[in-house]
There are 2 protein chains.
Amino acid sequence: MLRIDLASHVPVYEQIANGLRAELVAGRFGPGDKLPTVRTLAIDLGVHHNTVAQAYRQLAEEGWLELKRHRGATVRERHRPSNRSDGTETFARPLRELLAKALAAGLPRKMLIRELLDSAHRLEAGAL
Amino acid sequence: MLRIDLASHVPVYEQIANGLRAELVAGRFGPGDKLPTVRTLAIDLGVHHNTVAQAYRQLAEEGWLELKRHRGATVRERHRPSNRSDGTETFARPLRELLAKALAAGLPRKMLIRELLDSAHRLEAGAL
DNA sequence: ATAGTTTGTACACTGAAGACAGACAAATTG
DNA sequence: CAATTTGTCTGTCTTCAGTGTACAAACTAT
């Protein structure tokens, strides 16, 4: 499910938040669902529970989770994100850099194209 | 041209490397071309020249640049990277997370789809 | 040829931040 | 009511990004 890359420059708590956010956006968790406790997920990932807690807190700040003491983290109904940031900075450029990295790593163009089209289709279907 | 986000957790030297790699992959620099000196680029970006030097060194390790003392950085003919890493880890997952972040930021699906298809077409045309 | 400038590198220092450890308070469970 | 569970808080430690500075080698100009 979730995988942590300790070699990455991206801090672990953010990797966790990113991974969970991806699943939340994908709708794999519906409103009201409960996420594992910080300790169980921490053990599962092999990190400290405080690290997981930080990820949960970040997602809560973004409005994805409802955090109540001793009641775990429950998925919240997602409100509209009014923050209208520039798409170039938050998407186009990172995408370009990601593609460059993938090509530099030797991944075949075909695979990348397939993934891109796949994501586009999923987006159109609203499945993401 | 290159933009640095100081708020990002990605270190500046890596942002520089990523940006340059993207341009190199895009073919905006051909073999034999000379990159700006570490100091000029550093002033241009408002960072220390050692930071730029670190980025250059990283790209040199990846085989993109030829670094010779006092001769600046020259773009090298790129060899095919046989190092075939797992595509899921290096591309599919980051792409999913990037999309999730973009959606969470409120970027319209249409824009994302357009960017994805655009990149796919460029890939097919070999322009990337 | 030589003095001065340019250029990449090496090394030490500083500050910030991530991850962990341990304790705590509150709520759930039996 | 006792024991366990659970998220939070505070403090510590380590790592590392970014900078300051000095240096050696090569280029330039006269």
# chains A, B, ... in the order shown; residues from 1 in each chain; ligands from 1

$ interface_residues --of "chain C" --to "chain A" --cutoff "8 Å" --atoms "only C-alpha atoms (C1' of nucleotides)" --output "JSON, numbers by chain"
{"C": [18, 19, 20, 26, 27, 28]}

$ calpha_fit_and_write --fixed "chain B" --moving "chain A" --output "compact mmCIF listing (two decimals) with N, CA, C and O atoms, in the first residue's frame"
# COMPACT_ATOMS: atom_id res chain seq x y z
N MET A 1 13.34 31.63 -16.80
CA MET A 1 13.93 30.33 -17.16
C MET A 1 13.86 29.40 -15.96
O MET A 1 12.89 28.69 -15.76
N LEU A 2 14.83 29.44 -15.11
CA LEU A 2 14.82 28.57 -13.94
C LEU A 2 14.25 29.31 -12.75
O LEU A 2 14.56 30.47 -12.53
N ARG A 3 13.44 28.62 -12.00
CA ARG A 3 12.88 29.26 -10.82
C ARG A 3 13.10 28.40 -9.61
O ARG A 3 12.96 27.17 -9.65
N ILE A 4 13.44 29.05 -8.51
CA ILE A 4 13.74 28.35 -7.28
C ILE A 4 12.64 28.62 -6.26
O ILE A 4 12.21 29.76 -6.07
N ASP A 5 12.19 27.56 -5.64
CA ASP A 5 11.18 27.69 -4.60
C ASP A 5 11.82 27.39 -3.26
O ASP A 5 12.10 26.24 -2.92
N LEU A 6 12.05 28.45 -2.50
CA LEU A 6 12.73 28.27 -1.22
C LEU A 6 11.85 27.57 -0.21
O LEU A 6 12.33 27.00 0.77
N ALA A 7 10.54 27.60 -0.42
CA ALA A 7 9.63 26.98 0.53
C ALA A 7 9.57 25.46 0.33
O ALA A 7 9.09 24.75 1.20
N SER A 8 10.07 25.00 -0.78
CA SER A 8 9.99 23.57 -1.06
C SER A 8 10.92 22.78 -0.16
O SER A 8 11.92 23.28 0.32
N HIS A 9 10.55 21.53 0.05
CA HIS A 9 11.42 20.65 0.82
C HIS A 9 12.57 20.14 -0.05
O HIS A 9 13.57 19.68 0.46
N VAL A 10 12.37 20.22 -1.34
CA VAL A 10 13.43 19.78 -2.25
C VAL A 10 14.56 20.79 -2.17
O VAL A 10 14.35 21.98 -2.38
N PRO A 11 15.76 20.33 -1.88
CA PRO A 11 16.89 21.25 -1.74
C PRO A 11 17.12 22.03 -3.03
O PRO A 11 16.84 21.56 -4.12
N VAL A 12 17.67 23.22 -2.87
CA VAL A 12 17.84 24.11 -4.01
C VAL A 12 18.72 23.48 -5.07
O VAL A 12 18.43 23.55 -6.26
N TYR A 13 19.80 22.86 -4.63
CA TYR A 13 20.73 22.30 -5.62
C TYR A 13 20.04 21.24 -6.46
O TYR A 13 20.33 21.07 -7.64
N GLU A 14 19.07 20.54 -5.85
CA GLU A 14 18.35 19.52 -6.61
C GLU A 14 17.31 20.16 -7.52
O GLU A 14 17.06 19.67 -8.63
N GLN A 15 16.73 21.25 -7.07
CA GLN A 15 15.80 21.96 -7.94
C GLN A 15 16.52 22.44 -9.19
O GLN A 15 15.99 22.34 -10.31
N ILE A 16 17.72 22.94 -9.00
CA ILE A 16 18.49 23.40 -10.15
C ILE A 16 18.79 22.23 -11.07
O ILE A 16 18.61 22.30 -12.30
N ALA A 17 19.24 21.13 -10.49
CA ALA A 17 19.56 19.95 -11.28
C ALA A 17 18.32 19.47 -12.03
O ALA A 17 18.39 19.14 -13.22
N ASN A 18 17.19 19.44 -11.35
CA ASN A 18 15.96 18.98 -11.99
C ASN A 18 15.59 19.88 -13.17
O ASN A 18 15.25 19.39 -14.25
N GLY A 19 15.67 21.17 -12.93
CA GLY A 19 15.31 22.10 -13.99
C GLY A 19 16.23 21.97 -15.20
O GLY A 19 15.76 21.91 -16.34
N LEU A 20 17.51 21.88 -14.94
CA LEU A 20 18.46 21.75 -16.05
C LEU A 20 18.28 20.41 -16.76
O LEU A 20 18.33 20.34 -17.99
N ARG A 21 18.04 19.36 -15.99
CA ARG A 21 17.85 18.06 -16.61
C ARG A 21 16.65 18.07 -17.54
O ARG A 21 16.68 17.50 -18.62
N ALA A 22 15.60 18.77 -17.10
CA ALA A 22 14.41 18.87 -17.95
C ALA A 22 14.75 19.54 -19.28
O ALA A 22 14.31 19.08 -20.34
N GLU A 23 15.55 20.58 -19.22
CA GLU A 23 15.90 21.27 -20.46
C GLU A 23 16.85 20.43 -21.31
O GLU A 23 16.80 20.47 -22.53
N LEU A 24 17.68 19.67 -20.64
CA LEU A 24 18.60 18.81 -21.38
C LEU A 24 17.83 17.72 -22.10
O LEU A 24 18.07 17.43 -23.27
N VAL A 25 16.89 17.11 -21.38
CA VAL A 25 16.07 16.06 -22.00
C VAL A 25 15.28 16.62 -23.16
O VAL A 25 15.09 15.98 -24.19
N ALA A 26 14.81 17.85 -22.99
CA ALA A 26 14.02 18.49 -24.03
C ALA A 26 14.88 18.89 -25.23
O ALA A 26 14.35 19.29 -26.26
N GLY A 27 16.17 18.77 -25.07
CA GLY A 27 17.05 19.06 -26.19
C GLY A 27 17.30 20.54 -26.39
O GLY A 27 17.74 20.96 -27.47
N ARG A 28 17.04 21.32 -25.37
CA ARG A 28 17.28 22.76 -25.52
C ARG A 28 18.76 23.08 -25.41
O ARG A 28 19.18 24.21 -25.64
N PHE A 29 19.52 22.09 -25.03
CA PHE A 29 20.97 22.22 -25.04
C PHE A 29 21.54 21.04 -25.80
O PHE A 29 21.23 19.88 -25.47
N GLY A 30 22.34 21.30 -26.78
CA GLY A 30 22.93 20.22 -27.54
C GLY A 30 24.32 19.92 -27.05
O GLY A 30 24.92 20.72 -26.32
N PRO A 31 24.85 18.76 -27.44
CA PRO A 31 26.21 18.39 -27.06
C PRO A 31 27.20 19.46 -27.50
O PRO A 31 27.14 19.95 -28.62
N GLY A 32 28.08 19.82 -26.60
CA GLY A 32 29.07 20.84 -26.89
C GLY A 32 28.69 22.21 -26.38
O GLY A 32 29.56 23.07 -26.21
N ASP A 33 27.43 22.40 -26.15
CA ASP A 33 27.00 23.70 -25.63
C ASP A 33 27.59 23.95 -24.24
O ASP A 33 27.83 23.01 -23.49
N LYS A 34 27.78 25.21 -23.97
CA LYS A 34 28.33 25.57 -22.67
C LYS A 34 27.24 26.14 -21.77
O LYS A 34 26.46 26.99 -22.19
N LEU A 35 27.24 25.69 -20.55
CA LEU A 35 26.30 26.25 -19.57
C LEU A 35 26.95 27.44 -18.88
O LEU A 35 28.17 27.56 -18.86
N PRO A 36 26.13 28.32 -18.35
CA PRO A 36 26.70 29.46 -17.62
C PRO A 36 27.59 28.99 -16.48
O PRO A 36 27.42 27.90 -15.96
N THR A 37 28.52 29.83 -16.12
CA THR A 37 29.42 29.47 -15.02
C THR A 37 28.63 29.40 -13.72
O THR A 37 27.54 29.95 -13.61
N VAL A 38 29.17 28.69 -12.78
CA VAL A 38 28.47 28.51 -11.52
C VAL A 38 28.18 29.86 -10.86
O VAL A 38 27.11 30.06 -10.27
N ARG A 39 29.10 30.79 -11.00
CA ARG A 39 28.90 32.06 -10.32
C ARG A 39 27.82 32.90 -11.00
O ARG A 39 26.98 33.50 -10.32
N THR A 40 27.85 32.95 -12.30
CA THR A 40 26.83 33.76 -12.98
C THR A 40 25.44 33.18 -12.74
O THR A 40 24.50 33.91 -12.44
N LEU A 41 25.31 31.87 -12.85
CA LEU A 41 24.01 31.26 -12.60
C LEU A 41 23.60 31.46 -11.15
O LEU A 41 22.42 31.67 -10.85
N ALA A 42 24.58 31.41 -10.27
CA ALA A 42 24.28 31.60 -8.86
C ALA A 42 23.72 33.00 -8.61
O ALA A 42 22.70 33.17 -7.92
N ILE A 43 24.37 33.98 -9.19
CA ILE A 43 23.89 35.35 -9.04
C ILE A 43 22.50 35.48 -9.65
O ILE A 43 21.60 36.10 -9.10
N ASP A 44 22.35 34.84 -10.80
CA ASP A 44 21.07 34.89 -11.51
C ASP A 44 19.96 34.33 -10.64
O ASP A 44 18.83 34.83 -10.66
N LEU A 45 20.26 33.30 -9.88
CA LEU A 45 19.23 32.65 -9.07
C LEU A 45 19.20 33.18 -7.65
O LEU A 45 18.29 32.87 -6.88
N GLY A 46 20.22 33.92 -7.31
CA GLY A 46 20.24 34.47 -5.96
C GLY A 46 20.66 33.45 -4.91
O GLY A 46 20.21 33.49 -3.78
N VAL A 47 21.53 32.55 -5.30
CA VAL A 47 22.01 31.56 -4.34
C VAL A 47 23.54 31.58 -4.36
O VAL A 47 24.16 32.30 -5.13
N HIS A 48 24.12 30.75 -3.52
CA HIS A 48 25.57 30.68 -3.46
C HIS A 48 26.11 29.86 -4.62
O HIS A 48 25.46 28.93 -5.09
N HIS A 49 27.30 30.21 -5.08
CA HIS A 49 27.85 29.50 -6.23
C HIS A 49 28.13 28.04 -5.91
O HIS A 49 28.10 27.18 -6.80
N ASN A 50 28.37 27.76 -4.62
CA ASN A 50 28.59 26.36 -4.27
C ASN A 50 27.33 25.52 -4.49
O ASN A 50 27.42 24.35 -4.83
N THR A 51 26.21 26.14 -4.27
CA THR A 51 24.95 25.42 -4.48
C THR A 51 24.80 25.03 -5.94
O THR A 51 24.42 23.90 -6.26
N VAL A 52 25.10 25.97 -6.82
CA VAL A 52 25.02 25.66 -8.25
C VAL A 52 26.06 24.60 -8.61
O VAL A 52 25.78 23.67 -9.38
N ALA A 53 27.23 24.72 -8.03
CA ALA A 53 28.29 23.76 -8.32
C ALA A 53 27.83 22.34 -7.96
O ALA A 53 28.13 21.38 -8.68
N GLN A 54 27.11 22.24 -6.85
CA GLN A 54 26.63 20.92 -6.44
C GLN A 54 25.66 20.35 -7.46
O GLN A 54 25.69 19.16 -7.79
N ALA A 55 24.81 21.22 -7.98
CA ALA A 55 23.86 20.78 -9.02
C ALA A 55 24.62 20.31 -10.26
O ALA A 55 24.32 19.25 -10.82
N TYR A 56 25.61 21.07 -10.66
CA TYR A 56 26.41 20.71 -11.83
C TYR A 56 27.08 19.35 -11.61
O TYR A 56 27.13 18.51 -12.49
N ARG A 57 27.62 19.18 -10.41
CA ARG A 57 28.31 17.93 -10.10
C ARG A 57 27.34 16.75 -10.21
O ARG A 57 27.68 15.69 -10.72
N GLN A 58 26.12 16.96 -9.71
CA GLN A 58 25.15 15.87 -9.78
C GLN A 58 24.84 15.51 -11.23
O GLN A 58 24.82 14.33 -11.60
N LEU A 59 24.66 16.52 -12.06
CA LEU A 59 24.37 16.26 -13.46
C LEU A 59 25.57 15.61 -14.15
O LEU A 59 25.42 14.80 -15.06
N ALA A 60 26.75 15.99 -13.70
CA ALA A 60 27.95 15.38 -14.27
C ALA A 60 28.00 13.90 -13.90
O ALA A 60 28.36 13.06 -14.73
N GLU A 61 27.62 13.59 -12.68
CA GLU A 61 27.61 12.19 -12.25
C GLU A 61 26.61 11.38 -13.06
O GLU A 61 26.79 10.19 -13.30
N GLU A 62 25.53 12.04 -13.46
CA GLU A 62 24.52 11.36 -14.25
C GLU A 62 24.94 11.26 -15.71
O GLU A 62 24.26 10.62 -16.51
N GLY A 63 26.02 11.92 -16.05
CA GLY A 63 26.53 11.79 -17.40
C GLY A 63 26.06 12.88 -18.34
O GLY A 63 26.31 12.81 -19.55
N TRP A 64 25.41 13.89 -17.82
CA TRP A 64 24.89 14.94 -18.69
C TRP A 64 25.96 15.98 -19.02
O TRP A 64 25.99 16.52 -20.11
N LEU A 65 26.81 16.23 -18.08
CA LEU A 65 27.76 17.33 -18.25
C LEU A 65 29.20 16.84 -18.17
O LEU A 65 29.50 15.84 -17.53
N GLU A 66 30.05 17.59 -18.83
CA GLU A 66 31.48 17.39 -18.70
C GLU A 66 32.03 18.57 -17.93
O GLU A 66 31.93 19.71 -18.38
N LEU A 67 32.61 18.28 -16.79
CA LEU A 67 33.11 19.36 -15.95
C LEU A 67 34.62 19.38 -15.98
O LEU A 67 35.28 18.45 -15.50
N LYS A 68 35.17 20.43 -16.55
CA LYS A 68 36.62 20.61 -16.50
C LYS A 68 36.93 21.95 -15.87
O LYS A 68 36.28 22.95 -16.16
N ARG A 69 37.91 21.92 -15.03
CA ARG A 69 38.27 23.13 -14.30
C ARG A 69 38.51 24.30 -15.24
O ARG A 69 39.22 24.18 -16.24
N HIS A 70 37.89 25.40 -14.90
CA HIS A 70 38.11 26.66 -15.61
C HIS A 70 37.68 26.60 -17.06
O HIS A 70 37.98 27.49 -17.84
N ARG A 71 37.01 25.52 -17.41
CA ARG A 71 36.53 25.47 -18.79
C ARG A 71 35.00 25.42 -18.81
O ARG A 71 34.40 25.21 -19.83
N GLY A 72 34.43 25.59 -17.64
CA GLY A 72 32.98 25.61 -17.56
C GLY A 72 32.38 24.24 -17.72
O GLY A 72 33.07 23.22 -17.76
N ALA A 73 31.09 24.19 -17.81
CA ALA A 73 30.36 22.94 -17.96
C ALA A 73 29.86 22.81 -19.38
O ALA A 73 29.13 23.66 -19.88
N THR A 74 30.28 21.75 -20.04
CA THR A 74 29.84 21.53 -21.42
C THR A 74 28.95 20.32 -21.47
O THR A 74 29.18 19.31 -20.80
N VAL A 75 27.90 20.42 -22.28
CA VAL A 75 26.92 19.34 -22.40
C VAL A 75 27.54 18.16 -23.14
O VAL A 75 28.19 18.34 -24.17
N ARG A 76 27.33 17.00 -22.61
CA ARG A 76 27.91 15.79 -23.17
C ARG A 76 26.89 15.02 -23.98
O ARG A 76 25.68 15.12 -23.74
N GLU A 77 27.38 14.23 -24.90
CA GLU A 77 26.50 13.31 -25.62
C GLU A 77 25.96 12.31 -24.61
O GLU A 77 26.71 11.71 -23.85
N ARG A 78 24.67 12.15 -24.65
CA ARG A 78 24.04 11.33 -23.62
C ARG A 78 24.14 9.86 -23.97
O ARG A 78 23.74 9.42 -25.04
N HIS A 79 24.62 9.10 -23.02
CA HIS A 79 24.69 7.66 -23.18
C HIS A 79 23.41 7.02 -22.69
O HIS A 79 22.64 7.61 -21.97
N ARG A 80 23.24 5.79 -23.03
CA ARG A 80 22.03 5.06 -22.63
C ARG A 80 22.03 4.91 -21.10
O ARG A 80 23.05 4.58 -20.51
N PRO A 81 20.91 5.14 -20.50
CA PRO A 81 20.82 4.87 -19.08
C PRO A 81 20.44 3.42 -18.83
O PRO A 81 19.31 3.02 -19.01
N SER A 82 21.39 2.64 -18.45
CA SER A 82 21.15 1.20 -18.30
C SER A 82 20.34 0.92 -17.05
O SER A 82 19.66 -0.09 -16.95
N ASN A 83 20.40 1.84 -16.12
CA ASN A 83 19.71 1.65 -14.86
C ASN A 83 18.22 1.46 -15.10
O ASN A 83 17.47 2.41 -15.26
N ARG A 84 17.79 0.25 -15.11
CA ARG A 84 16.39 -0.03 -15.38
C ARG A 84 15.65 -0.15 -14.05
O ARG A 84 15.54 -1.22 -13.48
N SER A 85 15.16 0.96 -13.58
CA SER A 85 14.44 0.94 -12.32
C SER A 85 12.97 0.66 -12.56
O SER A 85 12.48 0.72 -13.69
N ASP A 86 12.28 0.39 -11.49
CA ASP A 86 10.87 0.08 -11.59
C ASP A 86 10.09 1.34 -11.95
O ASP A 86 10.20 2.36 -11.30
N GLY A 87 9.30 1.24 -13.00
CA GLY A 87 8.55 2.40 -13.44
C GLY A 87 7.49 2.84 -12.47
O GLY A 87 7.19 4.02 -12.37
N THR A 88 6.93 1.89 -11.76
CA THR A 88 5.88 2.27 -10.82
C THR A 88 6.41 3.21 -9.76
O THR A 88 5.80 4.24 -9.45
N GLU A 89 7.55 2.85 -9.22
CA GLU A 89 8.09 3.66 -8.13
C GLU A 89 8.59 5.00 -8.61
O GLU A 89 8.42 6.01 -7.94
N THR A 90 9.23 5.00 -9.78
CA THR A 90 9.87 6.24 -10.21
C THR A 90 8.96 7.13 -11.04
O THR A 90 9.30 8.28 -11.28
N PHE A 91 7.82 6.59 -11.47
CA PHE A 91 6.98 7.45 -12.29
C PHE A 91 5.50 7.39 -11.91
O PHE A 91 4.90 8.42 -11.61
N ALA A 92 4.93 6.21 -11.93
CA ALA A 92 3.48 6.11 -11.74
C ALA A 92 3.03 6.70 -10.41
O ALA A 92 2.11 7.52 -10.36
N ARG A 93 3.71 6.31 -9.37
CA ARG A 93 3.29 6.81 -8.05
C ARG A 93 3.51 8.32 -7.93
O ARG A 93 2.60 9.04 -7.50
N PRO A 94 4.69 8.82 -8.26
CA PRO A 94 4.86 10.27 -8.19
C PRO A 94 3.84 11.02 -9.03
O PRO A 94 3.37 12.09 -8.63
N LEU A 95 3.52 10.47 -10.19
CA LEU A 95 2.53 11.13 -11.04
C LEU A 95 1.18 11.20 -10.35
O LEU A 95 0.51 12.23 -10.34
N ARG A 96 0.79 10.09 -9.75
CA ARG A 96 -0.49 10.07 -9.02
C ARG A 96 -0.50 11.11 -7.92
O ARG A 96 -1.47 11.85 -7.75
N GLU A 97 0.60 11.16 -7.19
CA GLU A 97 0.65 12.11 -6.08
C GLU A 97 0.66 13.56 -6.58
O GLU A 97 0.05 14.44 -5.96
N LEU A 98 1.34 13.76 -7.68
CA LEU A 98 1.36 15.11 -8.25
C LEU A 98 -0.04 15.53 -8.69
O LEU A 98 -0.47 16.66 -8.44
N LEU A 99 -0.76 14.62 -9.31
CA LEU A 99 -2.12 14.91 -9.73
C LEU A 99 -3.00 15.20 -8.52
O LEU A 99 -3.81 16.13 -8.53
N ALA A 100 -2.83 14.40 -7.49
CA ALA A 100 -3.62 14.61 -6.28
C ALA A 100 -3.36 16.00 -5.72
O ALA A 100 -4.29 16.71 -5.32
N LYS A 101 -2.09 16.39 -5.72
CA LYS A 101 -1.76 17.70 -5.18
C LYS A 101 -2.37 18.80 -6.03
O LYS A 101 -2.88 19.80 -5.52
N ALA A 102 -2.32 18.60 -7.33
CA ALA A 102 -2.87 19.62 -8.23
C ALA A 102 -4.38 19.75 -8.04
O ALA A 102 -4.91 20.85 -7.96
N LEU A 103 -5.05 18.63 -7.95
CA LEU A 103 -6.50 18.67 -7.73
C LEU A 103 -6.81 19.31 -6.40
O LEU A 103 -7.74 20.11 -6.27
N ALA A 104 -6.04 18.94 -5.40
CA ALA A 104 -6.26 19.50 -4.07
C ALA A 104 -6.04 21.01 -4.07
O ALA A 104 -6.65 21.73 -3.28
N ALA A 105 -5.17 21.47 -4.98
CA ALA A 105 -4.90 22.90 -5.05
C ALA A 105 -5.97 23.63 -5.83
O ALA A 105 -5.95 24.85 -5.92
N GLY A 106 -6.88 22.86 -6.42
CA GLY A 106 -8.00 23.50 -7.10
C GLY A 106 -7.79 23.73 -8.58
O GLY A 106 -8.56 24.44 -9.21
N LEU A 107 -6.77 23.13 -9.15
CA LEU A 107 -6.56 23.29 -10.58
C LEU A 107 -7.67 22.54 -11.33
O LEU A 107 -8.01 21.42 -10.97
N PRO A 108 -8.18 23.14 -12.36
CA PRO A 108 -9.28 22.51 -13.11
C PRO A 108 -8.83 21.26 -13.83
O PRO A 108 -7.71 21.19 -14.37
N ARG A 109 -9.69 20.26 -13.81
CA ARG A 109 -9.38 18.99 -14.48
C ARG A 109 -8.97 19.21 -15.93
O ARG A 109 -8.07 18.56 -16.44
N LYS A 110 -9.65 20.12 -16.56
CA LYS A 110 -9.38 20.35 -17.99
C LYS A 110 -7.92 20.71 -18.22
O LYS A 110 -7.29 20.22 -19.17
N MET A 111 -7.40 21.55 -17.37
CA MET A 111 -6.02 21.97 -17.54
C MET A 111 -5.09 20.78 -17.36
O MET A 111 -4.16 20.56 -18.15
N LEU A 112 -5.37 19.97 -16.36
CA LEU A 112 -4.50 18.82 -16.10
C LEU A 112 -4.55 17.85 -17.28
O LEU A 112 -3.51 17.36 -17.74
N ILE A 113 -5.75 17.59 -17.75
CA ILE A 113 -5.89 16.67 -18.88
C ILE A 113 -5.11 17.21 -20.08
O ILE A 113 -4.39 16.47 -20.76
N ARG A 114 -5.26 18.50 -20.30
CA ARG A 114 -4.57 19.10 -21.45
C ARG A 114 -3.07 18.94 -21.32
O ARG A 114 -2.37 18.56 -22.26
N GLU A 115 -2.56 19.19 -20.13
CA GLU A 115 -1.13 19.06 -19.91
C GLU A 115 -0.66 17.62 -20.11
O GLU A 115 0.39 17.36 -20.70
N LEU A 116 -1.46 16.69 -19.62
CA LEU A 116 -1.09 15.28 -19.74
C LEU A 116 -1.03 14.87 -21.20
O LEU A 116 -0.05 14.26 -21.65
N LEU A 117 -2.08 15.22 -21.94
CA LEU A 117 -2.11 14.84 -23.35
C LEU A 117 -0.99 15.52 -24.10
O LEU A 117 -0.35 14.93 -24.98
N ASP A 118 -0.77 16.76 -23.75
CA ASP A 118 0.30 17.52 -24.39
C ASP A 118 1.64 16.82 -24.21
O ASP A 118 2.39 16.62 -25.17
N SER A 119 1.91 16.43 -23.00
CA SER A 119 3.18 15.75 -22.72
C SER A 119 3.25 14.43 -23.47
O SER A 119 4.30 14.06 -24.02
N ALA A 120 2.13 13.72 -23.50
CA ALA A 120 2.10 12.44 -24.20
C ALA A 120 2.44 12.63 -25.68
O ALA A 120 3.24 11.89 -26.25
N HIS A 121 1.86 13.65 -26.27
CA HIS A 121 2.12 13.91 -27.69
C HIS A 121 3.57 14.28 -27.93
O HIS A 121 4.19 13.81 -28.88
N ARG A 122 4.07 15.10 -27.04
CA ARG A 122 5.47 15.49 -27.19
C ARG A 122 6.37 14.27 -27.06
O ARG A 122 7.37 14.14 -27.77
N LEU A 123 5.99 13.39 -26.17
CA LEU A 123 6.79 12.17 -26.00
C LEU A 123 6.77 11.34 -27.27
O LEU A 123 7.80 10.83 -27.72
N GLU A 124 5.59 11.21 -27.84
CA GLU A 124 5.47 10.39 -29.05
C GLU A 124 6.25 10.98 -30.20
O GLU A 124 6.81 10.27 -31.03
N ALA A 125 6.27 12.31 -30.23
CA ALA A 125 7.00 12.98 -31.30
C ALA A 125 8.51 12.95 -31.04
O ALA A 125 9.28 13.40 -31.88
N GLY A 126 8.87 12.43 -29.90
CA GLY A 126 10.29 12.39 -29.57
C GLY A 126 10.84 13.74 -29.21
O GLY A 126 12.04 13.93 -29.10
N ALA A 127 9.94 14.70 -29.03
CA ALA A 127 10.38 16.06 -28.75
C ALA A 127 10.77 16.25 -27.29
O ALA A 127 11.09 17.34 -26.87
N LEU A 128 10.67 15.18 -26.58
CA LEU A 128 11.04 15.31 -25.17
C LEU A 128 12.11 14.29 -24.82
O LEU A 128 11.99 13.13 -25.19

$ closest_atom_pairs --of "chain D" --to "chain A" --cutoff "10 Å" --atoms "only C-alpha atoms (C1' of nucleotides)" --output "Markdown table"
| residue | atom | partner | partner_atom | distance |
| --- | --- | --- | --- | --- |
| D:DT5 | C1' | A:His70 | CA | 7.6 |
| D:DT6 | C1' | A:His70 | CA | 4.6 |
| D:DG7 | C1' | A:Arg69 | CA | 5.4 |
| D:DT8 | C1' | A:Arg69 | CA | 8.5 |

$ write_last_selection --atoms "all heavy atoms" --output "compact mmCIF listing (two decimals), in the first residue's frame"
# COMPACT_ATOMS: atom_id res chain seq x y z
P DT D 5 -3.57 -1.93 24.50
OP1 DT D 5 -3.73 -3.09 23.60
OP2 DT D 5 -2.23 -1.50 24.95
O5' DT D 5 -4.28 -0.68 23.81
C5' DT D 5 -5.70 -0.68 23.67
C4' DT D 5 -6.19 0.70 23.26
O4' DT D 5 -6.10 1.61 24.37
C3' DT D 5 -5.40 1.35 22.11
O3' DT D 5 -6.31 1.84 21.15
C2' DT D 5 -4.63 2.47 22.80
C1' DT D 5 -5.57 2.84 23.93
N1 DT D 5 -4.93 3.50 25.10
C2 DT D 5 -5.43 4.71 25.53
O2 DT D 5 -6.36 5.28 25.00
N3 DT D 5 -4.78 5.24 26.63
C4 DT D 5 -3.72 4.69 27.32
O4 DT D 5 -3.22 5.25 28.29
C5 DT D 5 -3.25 3.42 26.81
C7 DT D 5 -2.10 2.73 27.47
C6 DT D 5 -3.87 2.89 25.74
P DT D 6 -5.85 2.17 19.71
OP1 DT D 6 -6.96 1.89 18.78
OP2 DT D 6 -4.53 1.53 19.50
O5' DT D 6 -5.64 3.73 19.77
C5' DT D 6 -6.74 4.57 20.09
C4' DT D 6 -6.29 6.01 20.22
O4' DT D 6 -5.74 6.24 21.54
C3' DT D 6 -5.18 6.41 19.24
O3' DT D 6 -5.59 7.53 18.48
C2' DT D 6 -3.99 6.76 20.12
C1' DT D 6 -4.67 7.13 21.43
N1 DT D 6 -3.80 6.95 22.62
C2 DT D 6 -3.85 7.89 23.62
O2 DT D 6 -4.57 8.85 23.58
N3 DT D 6 -3.00 7.64 24.68
C4 DT D 6 -2.13 6.58 24.82
O4 DT D 6 -1.42 6.46 25.81
C5 DT D 6 -2.14 5.64 23.72
C7 DT D 6 -1.22 4.45 23.77
C6 DT D 6 -2.95 5.87 22.69
P DG D 7 -4.80 7.88 17.14
OP1 DG D 7 -5.73 7.73 16.01
OP2 DG D 7 -3.50 7.19 17.14
O5' DG D 7 -4.54 9.44 17.35
C5' DG D 7 -5.64 10.28 17.71
C4' DG D 7 -5.13 11.46 18.52
O4' DG D 7 -4.52 10.99 19.75
C3' DG D 7 -4.06 12.30 17.80
O3' DG D 7 -4.42 13.66 17.85
C2' DG D 7 -2.77 12.01 18.57
C1' DG D 7 -3.30 11.64 19.95
N9 DG D 7 -2.43 10.72 20.66
C8 DG D 7 -1.95 9.51 20.20
N7 DG D 7 -1.19 8.89 21.05
C5 DG D 7 -1.14 9.74 22.14
C6 DG D 7 -0.46 9.60 23.38
O6 DG D 7 0.26 8.67 23.77
N1 DG D 7 -0.68 10.70 24.21
C2 DG D 7 -1.45 11.78 23.89
N2 DG D 7 -1.55 12.74 24.80
N3 DG D 7 -2.10 11.93 22.73
C4 DG D 7 -1.89 10.87 21.92
P DT D 8 -3.43 14.77 17.24
OP1 DT D 8 -4.28 15.85 16.74
OP2 DT D 8 -2.46 14.11 16.37
O5' DT D 8 -2.67 15.28 18.55
C5' DT D 8 -3.44 15.68 19.68
C4' DT D 8 -2.54 16.16 20.80
O4' DT D 8 -1.85 15.04 21.39
C3' DT D 8 -1.44 17.14 20.35
O3' DT D 8 -1.46 18.27 21.21
C2' DT D 8 -0.14 16.35 20.51
C1' DT D 8 -0.50 15.37 21.61
N1 DT D 8 0.29 14.11 21.58
C2 DT D 8 1.00 13.73 22.68
O2 DT D 8 1.02 14.37 23.71
N3 DT D 8 1.69 12.54 22.55
C4 DT D 8 1.73 11.74 21.42
O4 DT D 8 2.38 10.69 21.41
C5 DT D 8 0.97 12.20 20.29
C7 DT D 8 0.95 11.41 19.03
C6 DT D 8 0.29 13.35 20.42

$ atom_distance --atom1 "atom C1' of DT10 of chain D" --atom2 "atom C1' of DG15 of chain C"
20.7 Å

$ atom_distance --atom1 "atom C1' of DT12 of chain D" --atom2 "atom C1' of DC11 of chain C"
27.7 Å
